[in-house]
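What follows is one structure encoded as structure tokens, with my remarks underneath.
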Amino acid sequence: MAHPSRRDVLGMAATVPLAATGALALGAGTAHAADSAYAMVYFTESNTMLEANYNLHLAVSTDGLRWTPLNQNAPVATPTLGAGGLRDPFVLRKQDGTFVVLATDLSGTDWTRTSVYIHVWDSADLRTFTGYRLVKLHDMTGTHSWAPEAYWDASRGRYGILYSSVNSSGHNVIMVSYTTDFRTTTSPQVFFDPGYDVIDGNLTVGVNGVNHLYFKREGTLVGARSTTLNPGSFTPFSTAVNHGGTEAPTVVKSLTGNTWYLWGDTYTPNGVFYVWRTSDLAAGTWTALDQRLYTQPLNSKHCGIHPITSTEYNNLIAKWGAPAWNRLKSYNYPARYVRHSGFAARIDEYPFDPFPDSQWKLVPGLADPSGVSFQSVNYPTRHLRHYDYALRLDENDGTSTFAADATFHRTAGLADASWASFRSYNNPTRYIRHADYALRIDPVSTATERQDATFQVGH
């Protein structure tokens with residue numbers, strides 16, 4: 001079931017490591033340990049809106065590409081004011097080393113709803129969220145304040161809050177309002193208006209003296225640049241990228257090299273992130289990243305990404321916990337995940353509903369605890385087992401035959417040792433593999449078969 005984007009009706013957000021944003025440059029701000037991981041804030045929707053949840057969600061990653069959703073992918077904070085829900089969350093480390101979270105004041109998909117406010121939380125460590133409030137951005141009536149993000153403007157000694165709104169031009173522009181405390185704002189003005197509808201401004205500050213603003217235009221992601229942060233100074237320059245209808249650009253720099261990633265959120269189909277890569281942000285050209293290399297949090301939408309320290313990463317895992325379930329991604333069809341459908345096991349392209357069909361608890365093997373069995377999350381009395389070599393989801397009848405059929409030994413991936421393969425316990429010459437997208441156990445010998453039998457265990 002397709003859901004119209006707000007972009008269709010009417011015609012974000014992250015920051016790079018602090019050294020690049022200028023937030024801690026030249027001795028400014030409060031020093032903190034070196035960043036070595038990332039946090040992501042997001043909300044959730046799924047293909048049929050089964051998992052529509054307009055609250056604040058949080059995930060972490062050590063590389064900014066493969067994500068672990070926290071709190072079992074349930075919310076970590078809930079807005080209660082305004083619309084009583086959020087979209088488009090964004091997180092920034094402030095000058096004092098603490099965090100601020102901003103989000104659109106909108107629950108659901110009523111793109112006609114107007115609001116001059118955004119949701120705001122303070123957080124010392126992303127383990128607790130305090131000071132929840134609505135903050136007013138402007139006085140323009142009958143319009144919205146979408147996709148807020150913030151940056152430190154050293155020349156003004158204030159933070160700028162970027163957001164999308166319709167002004168007297170009659171189309172969406174990127175606005176800016178300035179603040180020192182994320183409680184009151186001043187001087188709302190047009191930050192970027194190229195003469196056509198633009199939303200979802202994402203600003204990367206101070207890369208070799210240049211600031212880069214990525215935004216959404218007609219289902220594509222485009223960049224503009226300026227040597228200043230002055231409103232009206234940005235000029236479009238980059239080659240547009242998209243994968244279907246794409247919005248919510250999020251530019252992130254690798255913490256281990258000179259690689260930049262551009263995340264984009266699609267709405268056709270709803271809720272799939274794609275990632276592009278470049279080693280030269282100034283060039284404005286991007287190459288699609290192999291989907292084997294990244295995995296978004298389940299059902300995540302319009303994210304904000306920010307670097308964090310290893311201590312913060314470990315504390316977040318300790319506070320919120322990693323998921324008790326996993327998903328299995330296909331190696332040679334990385335858009336597809338292992339799921340059950342009609343109790344038959346197969347790989348299908350994400351997103352699909354019911355999404356819990358793709359969630360598994362990897363439990364000690366029923367026939368051999370050194371092995372593994374796959375317990376369904378939404379049918380917990382059922383496990384994956386082979387029957388006539390085909391894999392299906394059956395009730396555990398307590399027999400030794402079922403236990404043996406449902407037990408597998410995890411090995412290094414046959415096509416990639418950093419991934420995983422699963423050898424049958426009672427047919428040890430056979431591995432789980434997909435054939436015409438259906439899962440079965442087969443002998444594996446060719447390169448294609450090794451790829452078919454290789455999976456990534458993630459979330």
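Following the order of the structure tokens, first chain is A, next is B, and so on, with residues numbered from 1 inside each chain and ligands from 1 in the order they appear.
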May I have the residues within 7 Å of range 437-439 of chain A as a ChimeraX atom specification, using only C-alpha atoms and disregarding those fewer than 3 positions away in the same chain?
/A:345-347,390-391,432-434
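Taking only C-alpha atoms, the non-local environment of Leu262 in chain A within 10 Å (same-chain residues fewer than 6 positions away omitted) comprises Tyr214, Leu221, Val241, Ala248, Pro249, Thr250, Val251, Val252, Lys253, Tyr274, Val275, Trp276, Arg277, Thr278, Trp286, Thr287, Ala288 and Leu289 of chain A.
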Residues from the last selection, all heavy atoms, saved as a short mmCIF file (atom, residue, chain, number, x, y, z; two decimals), in the first residue's frame:
data_model
loop_
_atom_site.label_atom_id
_atom_site.label_comp_id
_atom_site.auth_asym_id
_atom_site.auth_seq_id
_atom_site.Cartn_x
_atom_site.Cartn_y
_atom_site.Cartn_z
N TYR A 214 22.29 20.41 1.63
CA TYR A 214 21.56 19.46 0.79
C TYR A 214 20.07 19.56 1.09
O TYR A 214 19.66 19.84 2.23
CB TYR A 214 22.08 18.03 0.98
CG TYR A 214 23.24 17.77 0.04
CD1 TYR A 214 24.51 18.21 0.36
CD2 TYR A 214 23.03 17.16 -1.20
CE1 TYR A 214 25.56 18.02 -0.52
CE2 TYR A 214 24.07 16.98 -2.09
CZ TYR A 214 25.33 17.41 -1.75
OH TYR A 214 26.37 17.24 -2.64
N LEU A 221 17.67 14.52 -4.38
CA LEU A 221 18.51 15.20 -3.41
C LEU A 221 19.55 16.02 -4.14
O LEU A 221 20.28 15.51 -5.00
CB LEU A 221 19.19 14.18 -2.49
CG LEU A 221 18.26 13.17 -1.82
CD1 LEU A 221 19.07 12.26 -0.89
CD2 LEU A 221 17.13 13.85 -1.07
N VAL A 241 20.66 13.14 -7.00
CA VAL A 241 20.59 11.69 -6.83
C VAL A 241 19.23 11.33 -6.28
O VAL A 241 18.58 12.12 -5.60
CB VAL A 241 21.70 11.15 -5.89
CG1 VAL A 241 23.07 11.44 -6.45
CG2 VAL A 241 21.56 11.71 -4.48
N ALA A 248 14.67 13.86 2.60
CA ALA A 248 15.39 13.82 3.87
C ALA A 248 16.88 13.53 3.72
O ALA A 248 17.40 12.57 4.30
CB ALA A 248 14.75 12.78 4.81
N PRO A 249 17.64 14.35 2.98
CA PRO A 249 19.08 14.10 2.87
C PRO A 249 19.77 14.24 4.22
O PRO A 249 19.45 15.11 5.02
CB PRO A 249 19.54 15.20 1.90
CG PRO A 249 18.54 16.29 2.06
CD PRO A 249 17.23 15.59 2.30
N THR A 250 20.73 13.35 4.45
CA THR A 250 21.52 13.36 5.68
C THR A 250 22.96 13.07 5.29
O THR A 250 23.27 11.96 4.85
CB THR A 250 21.01 12.30 6.68
OG1 THR A 250 19.65 12.57 7.00
CG2 THR A 250 21.84 12.30 7.94
N VAL A 251 23.83 14.05 5.43
CA VAL A 251 25.24 13.90 5.06
C VAL A 251 26.05 13.57 6.30
O VAL A 251 25.94 14.25 7.32
CB VAL A 251 25.76 15.19 4.39
CG1 VAL A 251 27.27 15.08 4.13
CG2 VAL A 251 25.02 15.47 3.09
N VAL A 252 26.86 12.52 6.21
CA VAL A 252 27.64 12.03 7.35
C VAL A 252 29.06 11.75 6.88
O VAL A 252 29.25 11.14 5.82
CB VAL A 252 27.03 10.73 7.92
CG1 VAL A 252 27.81 10.27 9.15
CG2 VAL A 252 25.56 10.92 8.26
N LYS A 253 30.03 12.16 7.67
CA LYS A 253 31.43 11.88 7.33
C LYS A 253 31.92 10.66 8.10
O LYS A 253 31.63 10.51 9.28
CB LYS A 253 32.33 13.07 7.66
CG LYS A 253 33.77 12.90 7.15
CD LYS A 253 34.61 14.13 7.46
CE LYS A 253 35.97 14.02 6.78
NZ LYS A 253 36.76 12.87 7.29
N TYR A 274 18.38 4.75 1.11
CA TYR A 274 19.49 4.45 0.22
C TYR A 274 20.65 5.37 0.59
O TYR A 274 20.45 6.45 1.16
CB TYR A 274 19.09 4.64 -1.24
CG TYR A 274 18.12 3.58 -1.71
CD1 TYR A 274 16.75 3.79 -1.62
CD2 TYR A 274 18.58 2.37 -2.20
CE1 TYR A 274 15.86 2.81 -2.03
CE2 TYR A 274 17.70 1.38 -2.60
CZ TYR A 274 16.34 1.60 -2.51
OH TYR A 274 15.46 0.62 -2.91
N VAL A 275 21.86 4.93 0.27
CA VAL A 275 23.06 5.67 0.65
C VAL A 275 23.94 5.84 -0.57
O VAL A 275 24.11 4.91 -1.37
CB VAL A 275 23.84 4.94 1.77
CG1 VAL A 275 25.07 5.75 2.18
CG2 VAL A 275 22.94 4.69 2.98
N TRP A 276 24.50 7.04 -0.71
CA TRP A 276 25.49 7.34 -1.75
C TRP A 276 26.79 7.75 -1.07
O TRP A 276 26.80 8.16 0.09
CB TRP A 276 24.98 8.48 -2.64
CG TRP A 276 23.79 8.12 -3.46
CD1 TRP A 276 23.79 7.69 -4.76
CD2 TRP A 276 22.40 8.14 -3.06
NE1 TRP A 276 22.50 7.44 -5.18
CE2 TRP A 276 21.63 7.70 -4.17
CE3 TRP A 276 21.75 8.46 -1.88
CZ2 TRP A 276 20.24 7.61 -4.12
CZ3 TRP A 276 20.36 8.36 -1.82
CH2 TRP A 276 19.63 7.95 -2.93
N ARG A 277 27.89 7.64 -1.81
CA ARG A 277 29.21 7.87 -1.23
C ARG A 277 30.03 8.78 -2.15
O ARG A 277 29.92 8.74 -3.37
CB ARG A 277 29.91 6.52 -1.06
CG ARG A 277 31.37 6.62 -0.62
CD ARG A 277 31.95 5.26 -0.28
NE ARG A 277 31.83 4.30 -1.38
CZ ARG A 277 32.08 3.01 -1.29
NH1 ARG A 277 32.46 2.50 -0.11
NH2 ARG A 277 31.96 2.22 -2.33
N THR A 278 30.90 9.59 -1.52
CA THR A 278 31.89 10.36 -2.26
C THR A 278 33.12 10.54 -1.40
O THR A 278 33.04 10.53 -0.17
CB THR A 278 31.34 11.74 -2.68
OG1 THR A 278 32.29 12.40 -3.53
CG2 THR A 278 31.08 12.63 -1.48
N TRP A 286 28.00 11.79 -6.52
CA TRP A 286 27.83 10.70 -5.58
C TRP A 286 27.66 9.38 -6.30
O TRP A 286 27.06 9.34 -7.39
CB TRP A 286 26.61 10.95 -4.69
CG TRP A 286 26.69 12.20 -3.87
CD1 TRP A 286 26.35 13.47 -4.28
CD2 TRP A 286 27.16 12.32 -2.53
NE1 TRP A 286 26.56 14.36 -3.26
CE2 TRP A 286 27.05 13.69 -2.18
CE3 TRP A 286 27.62 11.40 -1.59
CZ2 TRP A 286 27.41 14.16 -0.91
CZ3 TRP A 286 27.98 11.87 -0.33
CH2 TRP A 286 27.87 13.23 -0.01
N THR A 287 28.15 8.31 -5.70
CA THR A 287 28.02 6.96 -6.23
C THR A 287 27.18 6.13 -5.27
O THR A 287 27.42 6.14 -4.06
CB THR A 287 29.40 6.30 -6.40
OG1 THR A 287 30.19 7.11 -7.28
CG2 THR A 287 29.26 4.90 -6.98
N ALA A 288 26.20 5.40 -5.81
CA ALA A 288 25.35 4.57 -4.96
C ALA A 288 26.20 3.53 -4.22
O ALA A 288 27.08 2.89 -4.80
CB ALA A 288 24.28 3.88 -5.80
N LEU A 289 25.92 3.38 -2.94
CA LEU A 289 26.65 2.43 -2.09
C LEU A 289 25.97 1.07 -2.16
O LEU A 289 24.74 0.97 -2.13
CB LEU A 289 26.67 2.94 -0.65
CG LEU A 289 27.56 2.20 0.34
CD1 LEU A 289 29.02 2.33 -0.04
CD2 LEU A 289 27.33 2.75 1.76
#
Contacts of His386 in chain A at 12 Å or less, counting only C-alpha atoms, minus same-chain residues fewer than 6 places along, as a ChimeraX atom specification?
/A:343-345,373-374,392-394,401-408,423-427,430-433,438-442
When distances are computed from only C-alpha atoms, which of A:Tyr313, A:Phe237, A:Trp152, A:Trp320 shows the smallest separation from Asp96 in chain A?
A:Trp152
Using DSSP assignments from the backbone, pull out every residue in range 193-386 of chain A that falls under helix (DSSP H, G or I) and give it to me as a ChimeraX atom specification.
/A:281-283,291-293,310-320,355-358
When distances are computed from only C-alpha atoms, which of A:Pro364, A:Pro356, A:Gly244, A:Gly398 shows the smallest separation from Ser376 in chain A?
A:Pro356
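Take the candidates A:Gln95, A:Thr128, A:Asn396, A:Thr112 and check each one against Lys319 in chain A using only C-alpha atoms; the shortest distance goes to A:Thr128.
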If you count only C-alpha atoms, which residues fall within 9 Å of Thr104 in chain A, apart from same-chain ones fewer than 5 positions away, as a list in words?
Gly85, Leu86, Arg87, Asp88, Pro89, Ser115, Tyr117, Ile118, His119, His144, Ser145, Trp146, Ala147, Pro148 and Tyr163 of chain A
Distance query Thr228 in chain A at most 8 Å, only C-alpha atoms, self and fewer than 2 positions along chain excluded, as a ChimeraX atom specification:
/A:210-211,226,230,233
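Atom pair CA of Val363 in chain A / CA of Thr399 in chain A has a distance of 17.3 Å (rounded to one decimal).
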What's the 12 Å shell around Leu137 in chain A, counting only C-alpha atoms, without same-chain residues fewer than 5 positions away, as a PyMOL selection string?
chain A and resi 102+104-105+115-120+143-146+148-149+160-165+175-179+182-189
Output file for the selection above: C-alpha atoms, as a short mmCIF file (atom, residue, chain, number, x, y, z; two decimals), in the first residue's frame:
data_model
loop_
_atom_site.label_atom_id
_atom_site.label_comp_id
_atom_site.auth_asym_id
_atom_site.auth_seq_id
_atom_site.Cartn_x
_atom_site.Cartn_y
_atom_site.Cartn_z
CA LEU A 102 14.47 18.82 17.54
CA THR A 104 8.57 18.42 13.45
CA ASP A 105 5.32 18.96 15.35
CA SER A 115 2.27 24.71 13.19
CA VAL A 116 4.78 27.44 13.97
CA TYR A 117 6.32 25.21 16.66
CA ILE A 118 8.79 22.34 16.89
CA HIS A 119 9.35 19.73 19.60
CA VAL A 120 12.56 20.16 21.61
CA THR A 143 2.00 27.33 7.31
CA HIS A 144 4.22 24.66 8.82
CA SER A 145 7.69 24.23 10.31
CA TRP A 146 9.01 20.98 8.88
CA PRO A 148 14.13 21.29 11.77
CA GLU A 149 17.87 20.97 12.15
CA GLY A 160 20.68 28.58 13.54
CA ILE A 161 17.58 26.43 13.24
CA LEU A 162 16.78 25.51 9.65
CA TYR A 163 13.27 24.38 8.70
CA SER A 164 10.97 24.16 5.70
CA SER A 165 8.00 26.53 5.43
CA MET A 175 13.98 29.25 6.65
CA VAL A 176 16.35 30.03 9.52
CA SER A 177 15.62 31.29 13.02
CA TYR A 178 18.39 31.98 15.51
CA THR A 179 18.64 30.96 19.15
CA PHE A 182 16.61 26.51 22.09
CA ARG A 183 13.80 28.14 24.05
CA THR A 184 13.27 31.41 22.24
CA THR A 185 14.15 32.30 18.66
CA THR A 186 14.71 35.55 16.79
CA SER A 187 15.13 36.96 13.29
CA PRO A 188 13.28 34.36 11.18
CA GLN A 189 14.25 34.82 7.54
#
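Comparing A:Gly97, A:Tyr54, A:Gly365, A:Ser418 by their smallest distance to Ser400 in chain A, the closest is A:Gly365 (using only C-alpha atoms).
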